[in-house]
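Just my_file_38.txt here, compact mmCIF, C-alpha atoms and all ligand atoms:
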# COMPACT_ATOMS: atom_id res chain seq x y z
CA MET A 812 2.46 -35.84 46.21
CA LEU A 813 -0.36 -37.40 48.13
CA LEU A 814 -4.03 -36.74 47.77
CA LEU A 815 -6.16 -37.83 50.68
CA ALA A 816 -9.35 -39.48 49.50
CA ALA A 817 -12.40 -37.27 49.47
CA CYS A 818 -15.11 -38.72 51.66
CA GLY A 819 -18.79 -38.92 50.76
CA ARG A 820 -21.40 -36.64 52.33
CA THR A 821 -22.48 -39.09 55.01
CA ASP A 822 -18.87 -39.76 55.84
CA GLU A 823 -18.06 -36.10 56.23
CA ARG A 824 -20.38 -35.65 59.19
CA ALA A 825 -18.85 -38.56 61.06
CA ILE A 826 -15.30 -37.38 60.49
CA GLU A 827 -13.53 -34.76 62.56
CA SER A 828 -10.49 -32.90 61.19
CA ILE A 829 -7.58 -31.14 62.79
CA ALA A 830 -5.14 -29.26 60.55
CA GLY A 831 -2.26 -26.86 60.90
CA ASN A 832 1.34 -26.04 60.13
CA ALA A 833 4.34 -27.85 61.57
CA MET A 834 7.92 -28.71 60.65
CA GLY A 835 7.90 -26.30 57.72
CA THR A 836 4.88 -27.89 56.08
CA THR A 837 1.18 -28.61 56.69
CA TYR A 838 -0.47 -31.47 58.52
CA GLN A 839 -3.92 -32.90 58.78
CA VAL A 840 -5.48 -35.43 61.08
CA LYS A 841 -8.87 -36.99 60.31
CA TYR A 842 -10.63 -39.32 62.69
CA LEU A 843 -13.99 -40.92 63.28
CA ARG A 844 -16.08 -39.30 65.97
CA GLU A 845 -18.01 -42.48 66.77
CA GLY A 846 -16.62 -45.55 68.50
CA ASN A 847 -13.95 -43.74 70.48
CA SER A 848 -15.48 -44.22 73.90
CA GLY A 849 -13.33 -42.50 76.45
CA ALA A 850 -11.30 -40.62 73.85
CA PRO A 851 -10.60 -36.97 74.67
CA VAL A 852 -12.49 -34.15 72.97
CA LYS A 853 -11.06 -32.45 69.89
CA ALA A 854 -9.43 -29.59 71.79
CA ALA A 855 -7.52 -32.02 73.99
CA LEU A 856 -6.36 -34.05 70.98
CA GLU A 857 -5.25 -30.86 69.25
CA GLU A 858 -3.28 -29.85 72.31
CA GLY A 859 -1.59 -33.26 72.43
CA ILE A 860 -0.65 -33.04 68.75
CA VAL A 861 0.79 -29.54 69.13
CA GLU A 862 2.84 -30.72 72.12
CA ILE A 863 4.29 -33.62 70.09
CA PHE A 864 5.34 -31.23 67.32
CA SER A 865 6.90 -28.84 69.77
CA GLU A 866 8.86 -31.64 71.45
CA ILE A 867 10.19 -32.82 68.07
CA ASP A 868 11.04 -29.23 67.19
CA ARG A 869 13.01 -28.76 70.43
CA GLN A 870 14.95 -31.93 69.68
CA MET A 871 15.41 -32.11 65.91
CA SER A 872 14.84 -28.77 64.20
CA THR A 873 17.72 -27.35 62.19
CA TYR A 874 15.75 -24.11 61.78
CA ARG A 875 16.22 -23.14 65.42
CA SER A 876 19.68 -22.83 66.88
CA ASP A 877 18.68 -24.01 70.37
CA SER A 878 17.41 -27.50 69.43
CA ASP A 879 19.40 -30.51 70.66
CA LEU A 880 20.38 -31.27 67.07
CA SER A 881 21.46 -27.71 66.21
CA ARG A 882 23.64 -27.59 69.32
CA PHE A 883 25.23 -30.87 68.32
CA ASN A 884 25.80 -29.54 64.80
CA ALA A 885 27.38 -26.34 66.12
CA SER A 886 29.57 -28.18 68.59
CA ARG A 887 33.11 -28.99 67.47
CA SER A 888 33.59 -31.55 70.23
CA THR A 889 34.19 -35.20 69.35
CA ASP A 890 33.05 -36.38 72.81
CA TRP A 891 29.78 -38.16 73.57
CA TYR A 892 26.85 -35.77 73.46
CA PRO A 893 23.70 -36.74 75.44
CA VAL A 894 20.46 -36.83 73.41
CA PRO A 895 16.79 -37.30 74.36
CA ALA A 896 14.98 -40.56 73.55
CA GLY A 897 13.16 -39.34 70.42
CA LEU A 898 16.32 -38.08 68.77
CA LEU A 899 18.08 -41.37 69.63
CA THR A 900 15.24 -43.37 68.01
CA VAL A 901 15.40 -41.38 64.79
CA LEU A 902 19.21 -41.45 64.57
CA SER A 903 19.31 -45.21 65.29
CA THR A 904 16.80 -45.92 62.52
CA ALA A 905 18.73 -43.60 60.18
CA ALA A 906 21.94 -45.51 60.93
CA VAL A 907 20.32 -48.87 60.17
CA ILE A 908 18.87 -47.65 56.88
CA SER A 909 22.18 -46.01 55.89
CA LYS A 910 23.82 -49.42 56.22
CA ARG A 911 21.05 -51.35 54.50
CA SER A 912 20.98 -48.86 51.62
CA GLY A 913 24.75 -48.97 51.16
CA GLY A 914 25.04 -45.32 52.22
CA ALA A 915 22.40 -43.93 49.83
CA PHE A 916 20.52 -42.67 52.87
CA ASP A 917 22.80 -40.41 54.86
CA VAL A 918 21.68 -37.80 57.40
CA THR A 919 25.14 -36.16 57.36
CA VAL A 920 24.65 -34.94 53.78
CA LYS A 921 23.67 -31.42 54.97
CA PRO A 922 26.84 -29.57 53.79
CA LEU A 923 26.15 -30.84 50.27
CA VAL A 924 22.43 -30.00 50.46
CA ASP A 925 23.39 -26.45 51.47
CA LEU A 926 26.12 -26.16 48.85
CA TRP A 927 23.79 -27.19 46.03
CA GLY A 928 21.28 -24.57 47.17
CA PHE A 929 18.61 -26.78 48.76
CA GLY A 930 19.23 -25.88 52.40
CA SER A 931 17.42 -23.34 54.55
CA GLN A 932 19.21 -20.49 52.72
CA ARG A 933 17.93 -20.82 49.17
CA PRO A 934 19.82 -18.81 46.57
CA LEU A 935 17.72 -16.75 44.13
CA SER A 936 19.42 -18.32 41.15
CA PRO A 937 20.87 -21.71 42.02
CA ALA A 938 24.01 -22.76 40.23
CA VAL A 939 26.32 -25.74 40.00
CA PRO A 940 28.97 -25.25 42.71
CA HIS A 941 32.70 -25.20 41.94
CA SER A 942 34.37 -28.61 42.20
CA ASP A 943 36.71 -27.34 44.94
CA ALA A 944 33.70 -26.40 47.06
CA VAL A 945 32.15 -29.83 46.45
CA ALA A 946 35.40 -31.51 47.47
CA ALA A 947 35.57 -29.41 50.65
CA ALA A 948 31.97 -30.22 51.60
CA ARG A 949 32.37 -33.87 50.80
CA VAL A 950 35.01 -34.56 53.44
CA ARG A 951 32.53 -33.38 56.09
CA VAL A 952 29.95 -35.98 55.01
CA GLY A 953 29.63 -39.65 55.96
CA HIS A 954 27.26 -41.55 58.25
CA GLU A 955 30.19 -43.70 59.42
CA HIS A 956 31.50 -40.61 61.27
CA LEU A 957 28.45 -40.62 63.55
CA SER A 958 28.30 -43.09 66.47
CA ILE A 959 25.26 -43.87 68.56
CA ARG A 960 25.15 -45.12 72.15
CA ARG A 961 21.95 -46.36 73.76
CA GLU A 962 22.85 -46.41 77.46
CA PRO A 963 23.12 -43.63 78.40
CA ALA A 964 21.64 -42.15 75.23
CA ALA A 965 24.32 -40.19 73.39
CA ILE A 966 25.82 -39.53 69.97
CA ARG A 967 29.33 -38.67 68.88
CA LYS A 968 31.05 -37.37 65.76
CA ASP A 969 34.60 -38.32 64.95
CA ILE A 970 35.15 -35.27 62.73
CA PRO A 971 34.46 -31.89 64.39
CA ASP A 972 32.44 -30.31 61.56
CA LEU A 973 29.99 -33.14 60.90
CA GLU A 974 26.39 -31.91 60.69
CA VAL A 975 23.11 -33.82 60.75
CA ASP A 976 19.85 -33.00 58.97
CA LEU A 977 16.80 -35.17 59.69
CA GLY A 978 14.54 -33.64 57.02
CA ALA A 979 14.26 -36.97 55.22
CA ILE A 980 13.16 -38.99 58.27
CA ALA A 981 11.89 -36.76 61.13
CA PRO A 982 8.53 -35.96 59.46
CA GLY A 983 7.80 -39.69 59.27
CA TYR A 984 8.69 -40.06 62.93
CA ALA A 985 6.33 -37.18 63.80
CA VAL A 986 3.44 -38.94 62.03
CA ASP A 987 4.20 -42.17 63.92
CA ARG A 988 4.19 -40.30 67.22
CA ILE A 989 0.82 -38.69 66.49
CA ALA A 990 -0.67 -42.00 65.37
CA ARG A 991 0.52 -43.66 68.58
CA PHE A 992 -0.87 -40.81 70.65
CA LEU A 993 -4.29 -41.16 68.98
CA SER A 994 -4.36 -44.93 69.54
CA GLU A 995 -3.27 -44.53 73.15
CA THR A 996 -5.99 -42.00 73.87
CA GLY A 997 -8.71 -44.27 72.51
CA VAL A 998 -9.16 -43.04 68.92
CA LYS A 999 -9.82 -46.17 66.85
CA SER A 1000 -9.94 -44.93 63.27
CA TYR A 1001 -7.76 -42.13 61.93
CA LEU A 1002 -5.54 -40.80 59.17
CA VAL A 1003 -2.50 -38.63 59.92
CA GLU A 1004 -0.65 -36.75 57.17
CA LEU A 1005 2.33 -34.39 57.30
CA GLY A 1006 3.92 -33.10 54.10
CA GLY A 1007 3.67 -36.32 52.10
CA GLU A 1008 4.04 -38.76 54.99
CA VAL A 1009 0.87 -40.56 56.02
CA PHE A 1010 -0.40 -43.25 58.38
CA GLY A 1011 -3.92 -44.71 58.51
CA ARG A 1012 -5.66 -47.05 60.90
CA GLY A 1013 -9.16 -48.48 61.17
CA ARG A 1014 -12.24 -48.16 59.00
CA ARG A 1015 -14.51 -45.33 57.91
CA PRO A 1016 -18.31 -45.42 58.46
CA ASP A 1017 -18.86 -47.02 55.04
CA GLY A 1018 -16.67 -49.92 56.16
CA ARG A 1019 -13.79 -49.03 53.87
CA GLY A 1020 -10.31 -48.22 55.07
CA TRP A 1021 -8.65 -44.84 54.70
CA GLN A 1022 -7.67 -44.27 51.11
CA VAL A 1023 -4.72 -42.29 49.89
CA GLY A 1024 -3.96 -41.41 46.29
CA ILE A 1025 -0.44 -41.09 44.97
CA GLU A 1026 -0.06 -38.30 42.44
CA ARG A 1027 1.26 -38.86 38.96
CA PRO A 1028 4.68 -37.22 39.07
CA THR A 1029 4.39 -34.41 36.56
CA ASP A 1030 5.18 -30.77 37.04
CA SER A 1031 1.75 -29.35 36.57
CA ARG A 1032 -1.59 -31.19 36.61
CA ARG A 1033 -2.40 -32.97 39.83
CA LYS A 1034 -3.74 -36.37 38.94
CA VAL A 1035 -4.07 -39.56 40.98
CA ASP A 1036 -1.90 -42.39 39.72
CA ILE A 1037 -2.94 -45.14 42.14
CA SER A 1038 -4.92 -45.36 45.37
CA LEU A 1039 -3.95 -47.33 48.44
CA GLU A 1040 -5.83 -48.30 51.55
CA LEU A 1041 -3.85 -47.89 54.75
CA ASP A 1042 -4.79 -49.86 57.86
CA GLY A 1043 -1.94 -49.94 60.35
CA LYS A 1044 0.57 -48.95 57.67
CA GLY A 1045 2.56 -45.87 56.79
CA LEU A 1046 3.23 -44.42 53.35
CA SER A 1047 5.90 -41.99 52.23
CA VAL A 1048 6.48 -40.49 48.81
CA SER A 1049 9.78 -38.87 47.92
CA GLY A 1050 10.14 -36.97 44.70
CA GLY A 1051 12.47 -34.51 43.10
CA TYR A 1052 10.02 -33.39 40.44
CA ARG A 1053 8.88 -30.17 42.10
CA ASN A 1054 12.01 -29.23 44.03
CA TYR A 1055 14.81 -28.89 41.46
CA PHE A 1056 16.68 -26.45 39.25
CA GLU A 1057 17.86 -26.84 35.68
CA ARG A 1058 21.20 -25.79 34.15
CA ASN A 1059 22.26 -26.61 30.60
CA GLY A 1060 19.61 -29.26 30.20
CA THR A 1061 20.48 -31.14 33.41
CA ARG A 1062 17.96 -31.36 36.18
CA TYR A 1063 19.38 -31.00 39.71
CA SER A 1064 17.03 -32.21 42.44
CA HIS A 1065 17.16 -31.79 46.22
CA GLU A 1066 18.10 -35.43 46.75
CA ILE A 1067 21.87 -35.79 47.01
CA ASP A 1068 23.65 -39.02 46.13
CA PRO A 1069 26.37 -39.28 48.80
CA ALA A 1070 28.41 -41.46 46.42
CA THR A 1071 28.78 -38.67 43.85
CA ALA A 1072 28.30 -35.65 46.16
CA ALA A 1073 25.82 -34.33 43.58
CA PRO A 1074 22.05 -34.24 43.14
CA VAL A 1075 20.63 -37.36 41.55
CA SER A 1076 20.44 -37.12 37.78
CA HIS A 1077 18.66 -40.33 36.78
CA ARG A 1078 15.07 -40.34 35.47
CA THR A 1079 13.36 -41.80 38.55
CA VAL A 1080 11.25 -38.88 39.74
CA ALA A 1081 9.22 -40.36 42.60
CA VAL A 1082 9.37 -43.33 44.95
CA ALA A 1083 6.54 -44.45 47.22
CA VAL A 1084 7.22 -46.80 50.14
CA VAL A 1085 4.74 -48.56 52.43
CA ALA A 1086 6.04 -49.78 55.82
CA ASP A 1087 4.89 -50.52 59.36
CA THR A 1088 6.21 -47.16 60.52
CA VAL A 1089 6.22 -43.91 58.56
CA MET A 1090 9.72 -43.21 59.86
CA GLU A 1091 11.03 -46.26 57.98
CA ALA A 1092 8.91 -45.48 54.91
CA ASP A 1093 10.25 -41.90 54.92
CA ALA A 1094 13.90 -42.91 55.09
CA TRP A 1095 13.51 -45.70 52.53
CA SER A 1096 11.65 -43.53 50.02
CA THR A 1097 14.54 -41.05 50.15
CA ALA A 1098 17.16 -43.83 49.90
CA LEU A 1099 15.45 -45.47 46.93
CA LEU A 1100 14.94 -42.16 45.16
CA VAL A 1101 18.68 -41.55 45.49
CA LEU A 1102 19.41 -44.97 43.99
CA GLY A 1103 16.81 -44.71 41.24
CA SER A 1104 14.71 -47.50 39.80
CA ALA A 1105 17.61 -49.40 38.22
CA ARG A 1106 19.61 -49.94 41.43
CA GLY A 1107 16.84 -49.23 43.93
CA HIS A 1108 14.41 -51.86 42.66
CA ASP A 1109 16.92 -54.67 43.15
CA LEU A 1110 17.84 -53.49 46.63
CA ALA A 1111 14.22 -52.99 47.71
CA THR A 1112 13.29 -56.45 46.42
CA ARG A 1113 16.22 -58.04 48.26
CA GLU A 1114 15.43 -56.14 51.47
CA GLY A 1115 11.69 -56.92 51.28
CA ILE A 1116 10.76 -53.22 51.03
CA ALA A 1117 7.33 -52.34 49.60
CA ALA A 1118 8.27 -49.74 46.99
CA ARG A 1119 6.93 -48.22 43.79
CA PHE A 1120 9.21 -46.31 41.42
CA ALA A 1121 7.98 -43.74 38.91
CA THR A 1122 10.48 -43.12 36.12
CA LEU A 1123 10.27 -40.78 33.13
CA GLY A 1124 10.46 -42.91 30.03
CA LEU A 1125 9.84 -42.43 26.33
CA GLN A 1126 6.16 -43.27 26.83
CA GLY A 1127 5.73 -40.92 29.75
CA VAL A 1128 5.84 -42.01 33.38
CA GLU A 1129 6.62 -45.70 33.82
CA SER A 1130 6.00 -47.37 37.16
CA ARG A 1131 7.70 -50.39 38.68
CA THR A 1132 6.80 -52.06 41.97
CA THR A 1133 8.44 -54.61 44.24
CA PRO A 1134 6.62 -57.85 45.20
CA ALA A 1135 6.20 -56.53 48.77
CA PHE A 1136 4.45 -53.44 47.42
CA GLU A 1137 1.97 -55.57 45.50
CA SER A 1138 0.91 -57.30 48.71
CA ALA A 1139 1.04 -54.20 50.93
CA ALA A 1140 -0.89 -51.95 48.57
CA LEU A 1141 -4.33 -53.21 49.40
CA LEU A 1142 -6.25 -51.27 46.80
CA PRO A 1143 -4.67 -50.79 43.40
CA ALA A 1144 -7.46 -48.69 41.92
CA GLN A 1145 -7.67 -47.47 38.27
P1 LIG A 1201 12.50 -36.51 51.51
O1 LIG A 1201 11.51 -35.55 50.98
O2 LIG A 1201 12.02 -37.27 52.71
O3 LIG A 1201 13.03 -37.44 50.45
O4 LIG A 1201 13.74 -35.66 52.06
C1 LIG A 1201 14.44 -34.80 51.20
C2 LIG A 1201 15.45 -34.01 52.01
O5 LIG A 1201 16.40 -34.87 52.63
C3 LIG A 1201 16.28 -33.08 51.15
O6 LIG A 1201 15.65 -31.83 50.97
C4 LIG A 1201 17.58 -32.98 51.93
O7 LIG A 1201 17.47 -32.03 52.96
C5 LIG A 1201 17.71 -34.33 52.59
N1 LIG A 1201 18.52 -35.27 51.79
C6 LIG A 1201 18.97 -35.11 50.53
N2 LIG A 1201 19.67 -36.20 50.15
C7 LIG A 1201 19.66 -37.07 51.21
C8 LIG A 1201 20.24 -38.36 51.43
N3 LIG A 1201 20.95 -38.98 50.48
N4 LIG A 1201 20.02 -38.95 52.62
C9 LIG A 1201 19.31 -38.33 53.59
N5 LIG A 1201 18.75 -37.10 53.44
C10 LIG A 1201 18.92 -36.48 52.26
MG MG A 1202 12.17 -39.23 53.29
Show me the file's structure as structure tokens.
Amino acid sequence: MLLLAACGRTDERAIESIAGNAMGTTYQVKYLREGNSGAPVKAALEEGIVEIFSEIDRQMSTYRSDSDLSRFNASRSTDWYPVPAGLLTVLSTAAVISKRSGGAFDVTVKPLVDLWGFGSQRPLSPAVPHSDAVAAARVRVGHEHLSIRREPAAIRKDIPDLEVDLGAIAPGYAVDRIARFLSETGVKSYLVELGGEVFGRGRRPDGRGWQVGIERPTDSRRKVDISLELDGKGLSVSGGYRNYFERNGTRYSHEIDPATAAPVSHRTVAVAVVADTVMEADAWSTALLVLGSARGHDLATREGIAARFATLGLQGVESRTTPAFESAALLPAQ
């Protein structure tokens, strides 16, 4: 859903790229070679990036059974469960955004994600689950059943079969970690992107900031809707328009509304959020997509969130932004 701006020929020679696969998707890091006096060479940066991903994987992956999070999910104990600092940071932010979004963002929604066929085990032909199954999954969901303790760092569930999935926030956290690592090692100007989550800092050789295009949310043609310049800001785009199934004319997307225990069915197909951290942008873009433009725009305006909603209307895709987005989006091109 994001297109990173193509750089001119002169730019290209001054820019170094590192790319790969992580967290079930692809990532790319671009940075300026010049002006990073004392910064490590590419191989050392690459090694640092890979180590950050592997640490996050060991803590938060639900695709490996030995991660801290998977062990917590498998555990039926309702006692305090010690967690490492990174996992505590992500869960604390998730808890805050669950409250501020009135529960629209909820990392305990995993049983419903799985039931509707959007989990790690994807059915060949997805179907609407039986209402009894929805009711059974629903009682295992609710962010209020998850408690967080800072000192010593630990989490606790008050129902034994509560499960947590950080797929809507951990990628943003990963981008923040890599950005911080680059800054700390002396890299002054860079762009980090992981599966639709992006952070940019500094200028390119032509003096312009890093530009990112947001795609027009349609099924097929990839076309840039607007471009933004990111300097010290993160951007996340959530959208259900490529990951969905259709039954009897209803479109079921991978975003679950915890209030209805069903995939969202309104016409808002993508939400972009700009924030100081990508972790916050990631969680908010998911929350606001769940709420849709009608409810989400009011909330985002009240909460001072920089958001842009794309909704399918009679005239095609209609976009709506919050005042904070207008000031955060430095470069409304086209
Ligand atoms: P994102 O692309 O960041 O919006 O994350 C989408 C993923 O988050 C989905 O594939 C689900 O695994 C998970 N998810 C779905 N609904 C919610 C929700 N209401 N709150 C938190 N995570 C959710
Ligand atoms: Mg998200």
Output as JSON lines one row per residue of region 922-1020 of chain A within 8 Å of region 1072-1082 of chain A: the closest atom pair and its distance in Å to one decimal place, counting only C-alpha atoms, sorted by chain and residue number ascending.
{"residue": "A:Leu923", "atom": "CA", "partner": "A:Ala1072", "partner_atom": "CA", "distance": 6.7}
{"residue": "A:Trp927", "atom": "CA", "partner": "A:Pro1074", "partner_atom": "CA", "distance": 7.8}
{"residue": "A:Val945", "atom": "CA", "partner": "A:Ala1072", "partner_atom": "CA", "distance": 7.0}
{"residue": "A:Arg949", "atom": "CA", "partner": "A:Ala1072", "partner_atom": "CA", "distance": 6.4}
Here is a test: counting all atoms listed in the file, which residue of A:Leu1041, A:Val998, A:Ile980, A:Val986 is nearest to ligand MG 1202 (chain A)?
A:Ile980
Restrict the calculation to only C-alpha atoms and all ligand atoms, then for each residue of chain A with any atom at most 9 Å from an atom of ligand LIG 1201 (chain A) give the closest atom pair and their distance in Å to one decimal, rows by chain and rising residue number, as CSV.
residue,atom,partner,partner_atom,distance
A:Ala905,CA,A:LIG1201,C9,8.5
A:Ser909,CA,A:LIG1201,N4,8.1
A:Gly914,CA,A:LIG1201,N3,7.7
A:Ala915,CA,A:LIG1201,N3,5.2
A:Phe916,CA,A:LIG1201,N4,3.8
A:Asp917,CA,A:LIG1201,N4,3.9
A:Val918,CA,A:LIG1201,C9,4.5
A:Thr919,CA,A:LIG1201,C9,7.3
A:Val920,CA,A:LIG1201,C7,6.0
A:Lys921,CA,A:LIG1201,O7,6.5
A:Leu923,CA,A:LIG1201,C6,8.4
A:Val924,CA,A:LIG1201,C4,5.9
A:Asp925,CA,A:LIG1201,O7,8.3
A:Phe929,CA,A:LIG1201,O6,6.3
A:Gly930,CA,A:LIG1201,O7,6.4
A:Ser931,CA,A:LIG1201,O7,8.8
A:Asp976,CA,A:LIG1201,O7,6.5
A:Leu977,CA,A:LIG1201,N5,6.8
A:Gly978,CA,A:LIG1201,O5,4.9
A:Ala979,CA,A:LIG1201,O2,3.4
A:Ile980,CA,A:LIG1201,O2,5.9
A:Ala981,CA,A:LIG1201,O2,8.4
A:Pro982,CA,A:LIG1201,O2,7.7
A:Gly983,CA,A:LIG1201,O2,8.2
A:Gly1006,CA,A:LIG1201,O1,8.6
A:Gly1007,CA,A:LIG1201,O1,8.0
A:Glu1008,CA,A:LIG1201,O2,8.4
A:Ser1047,CA,A:LIG1201,O2,7.7
A:Val1048,CA,A:LIG1201,O1,7.4
A:Ser1049,CA,A:LIG1201,O3,4.4
A:Gly1050,CA,A:LIG1201,O3,6.5
A:Gly1051,CA,A:LIG1201,O3,7.9
A:Asn1054,CA,A:LIG1201,O6,8.3
A:Ser1064,CA,A:LIG1201,O6,8.6
A:His1065,CA,A:LIG1201,O6,5.0
A:Glu1066,CA,A:LIG1201,N2,3.8
A:Ile1067,CA,A:LIG1201,N2,3.9
A:Asp1068,CA,A:LIG1201,N3,5.1
A:Pro1069,CA,A:LIG1201,N3,5.7
A:Ala1070,CA,A:LIG1201,N3,8.8
A:Pro1074,CA,A:LIG1201,N2,7.7
A:Val1075,CA,A:LIG1201,N2,8.7
A:Val1082,CA,A:LIG1201,O3,8.9
A:Asp1093,CA,A:LIG1201,O2,5.4
A:Ala1094,CA,A:LIG1201,O2,6.4
A:Trp1095,CA,A:LIG1201,O3,8.5
A:Ser1096,CA,A:LIG1201,O3,6.3
A:Thr1097,CA,A:LIG1201,O3,3.9
A:Ala1098,CA,A:LIG1201,N3,6.2
A:Leu1100,CA,A:LIG1201,O3,7.3
A:Val1101,CA,A:LIG1201,N3,6.1
A:Leu1102,CA,A:LIG1201,N3,9.0
Which residue is closest to Tyr874 (chain A)? Choose from A:Val852, A:Asp972, A:Met834, A:Pro895 and count only C-alpha atoms.
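Closest to Tyr874 (chain A) of all the choices is A:Met834.
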Taking all atoms listed in the file into account, name the residue in A:Glu955, A:Asp879, A:Glu974, A:Asp987 that is nearest to Ile863 (chain A).
A:Asp987
Residues within 7 Å of Tyr892 (chain A), please, as a short mmCIF file (atom, residue, chain, number, x, y, z; two decimals) with C-alpha atoms, in the coordinates of the input. Count all atoms listed in the file; anything in the same chain fewer than 4 positions from it doesn't count.
data_model
loop_
_atom_site.label_atom_id
_atom_site.label_comp_id
_atom_site.auth_asym_id
_atom_site.auth_seq_id
_atom_site.Cartn_x
_atom_site.Cartn_y
_atom_site.Cartn_z
CA ALA A 965 24.32 -40.19 73.39
CA ILE A 966 25.82 -39.53 69.97
CA ARG A 967 29.33 -38.67 68.88
#
Nearest to Asp1042 (chain A): which of A:Gly1103, A:Pro1134, A:Pro851, A:Gly1013 is it, counting all atoms listed in the file?
A:Gly1013
Shortest interatomic distance to Val975 (chain A) - which of A:Ser886, A:Thr1132, A:Gln839, A:Ser1104, counting only C-alpha atoms
A:Ser886
What is the CA of Ile867 (chain A)-CA of Ala830 (chain A) distance in Å, reported with one decimal?
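These two atoms are separated by 17.4 Å.
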Could you state the separation of CA of Glu1004 (chain A) and CA of Val840 (chain A) in Å, given to one decimal place?
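CA of Val840 (chain A) lies 6.4 Å from CA of Glu1004 (chain A).
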Pick from A:Leu1099, A:Ala854, A:Ala1139, A:Ala1111: nearest to ligand MG 1202 (chain A), with only C-alpha atoms and all ligand atoms counted?
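Closest residue, counting only C-alpha atoms and all ligand atoms: A:Leu1099.
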When you look at Ser881 (chain A) with a cut-off of 8 Å (counting all atoms listed in the file), what residues show up, excluding the ones that are within fewer than 5 positions of it in the same chain? I need them as an MDAnalysis selection string.
chainID A and resid 871:873 875:876
Would you work out the distance separating CA of Glu995 (chain A) from CA of Tyr842 (chain A), expressed in Å to one decimal?
13.8 Å
Box along x, y and z, 3 Å on every side, all listed atoms of region 980-999 of chain A inside: centre and edge lengths in Å to one decimal, as AutoDock Vina command-line options.
--center_x 1.7 --center_y -41.1 --center_z 66.1 --size_x 29.0 --size_y 16.2 --size_z 21.6
List the spatial neighbours of Ala833 (chain A) as a PyMOL selection string - criterion: any atom at most 9 Å away, all atoms listed in the file, same-chain residues fewer than 6 positions off excluded.
chain A and resi 861+864-865+868+1005
Quick one: everything within 12 Å of Arg960 (chain A), counting all atoms listed in the file, minus sequence neighbours fewer than 3 positions away in the same chain. Send it as a list in words.
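Residues near the query, excluding close chain neighbours: Asp890, Trp891, Tyr892, Pro893, Val894, Pro895, Ala896, Leu898, Leu899, Thr900, Leu902, Ser903, Ala906, Leu957, Pro963, Ala964, Ala965, Ile966, Arg967 and Lys968 of chain A.
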Complete the atoms of region 995-1006 of chain A to N, CA and C atoms and put them out as an mmCIF file, keeping the file's coordinate frame.
data_model
loop_
_atom_site.group_PDB
_atom_site.id
_atom_site.type_symbol
_atom_site.label_atom_id
_atom_site.label_comp_id
_atom_site.auth_asym_id
_atom_site.auth_seq_id
_atom_site.Cartn_x
_atom_site.Cartn_y
_atom_site.Cartn_z
ATOM 1 N N GLU A 995 -3.363 -44.439 71.689
ATOM 2 C CA GLU A 995 -3.270 -44.530 73.150
ATOM 3 C C GLU A 995 -4.387 -43.790 73.866
ATOM 4 N N THR A 996 -4.920 -42.751 73.219
ATOM 5 C CA THR A 996 -5.990 -42.000 73.870
ATOM 6 C C THR A 996 -7.367 -42.548 73.514
ATOM 7 N N GLY A 997 -7.422 -43.628 72.749
ATOM 8 C CA GLY A 997 -8.710 -44.270 72.510
ATOM 9 C C GLY A 997 -9.339 -43.999 71.150
ATOM 10 N N VAL A 998 -8.627 -43.277 70.273
ATOM 11 C CA VAL A 998 -9.160 -43.040 68.920
ATOM 12 C C VAL A 998 -8.893 -44.297 68.083
ATOM 13 N N LYS A 999 -9.955 -44.862 67.507
ATOM 14 C CA LYS A 999 -9.820 -46.170 66.850
ATOM 15 C C LYS A 999 -9.517 -46.057 65.352
ATOM 16 N N SER A 1000 -10.042 -45.003 64.725
ATOM 17 C CA SER A 1000 -9.940 -44.930 63.270
ATOM 18 C C SER A 1000 -9.477 -43.533 62.878
ATOM 19 N N TYR A 1001 -8.319 -43.448 62.243
ATOM 20 C CA TYR A 1001 -7.760 -42.130 61.930
ATOM 21 C C TYR A 1001 -6.792 -42.168 60.759
ATOM 22 N N LEU A 1002 -6.541 -40.995 60.214
ATOM 23 C CA LEU A 1002 -5.540 -40.800 59.170
ATOM 24 C C LEU A 1002 -4.710 -39.588 59.576
ATOM 25 N N VAL A 1003 -3.394 -39.740 59.554
ATOM 26 C CA VAL A 1003 -2.500 -38.630 59.920
ATOM 27 C C VAL A 1003 -1.601 -38.347 58.727
ATOM 28 N N GLU A 1004 -1.506 -37.089 58.313
ATOM 29 C CA GLU A 1004 -0.650 -36.750 57.170
ATOM 30 C C GLU A 1004 0.169 -35.515 57.482
ATOM 31 N N LEU A 1005 1.443 -35.545 57.128
ATOM 32 C CA LEU A 1005 2.330 -34.390 57.300
ATOM 33 C C LEU A 1005 3.249 -34.324 56.091
ATOM 34 N N GLY A 1006 3.036 -33.335 55.253
ATOM 35 C CA GLY A 1006 3.920 -33.100 54.100
ATOM 36 C C GLY A 1006 4.313 -34.341 53.312
#
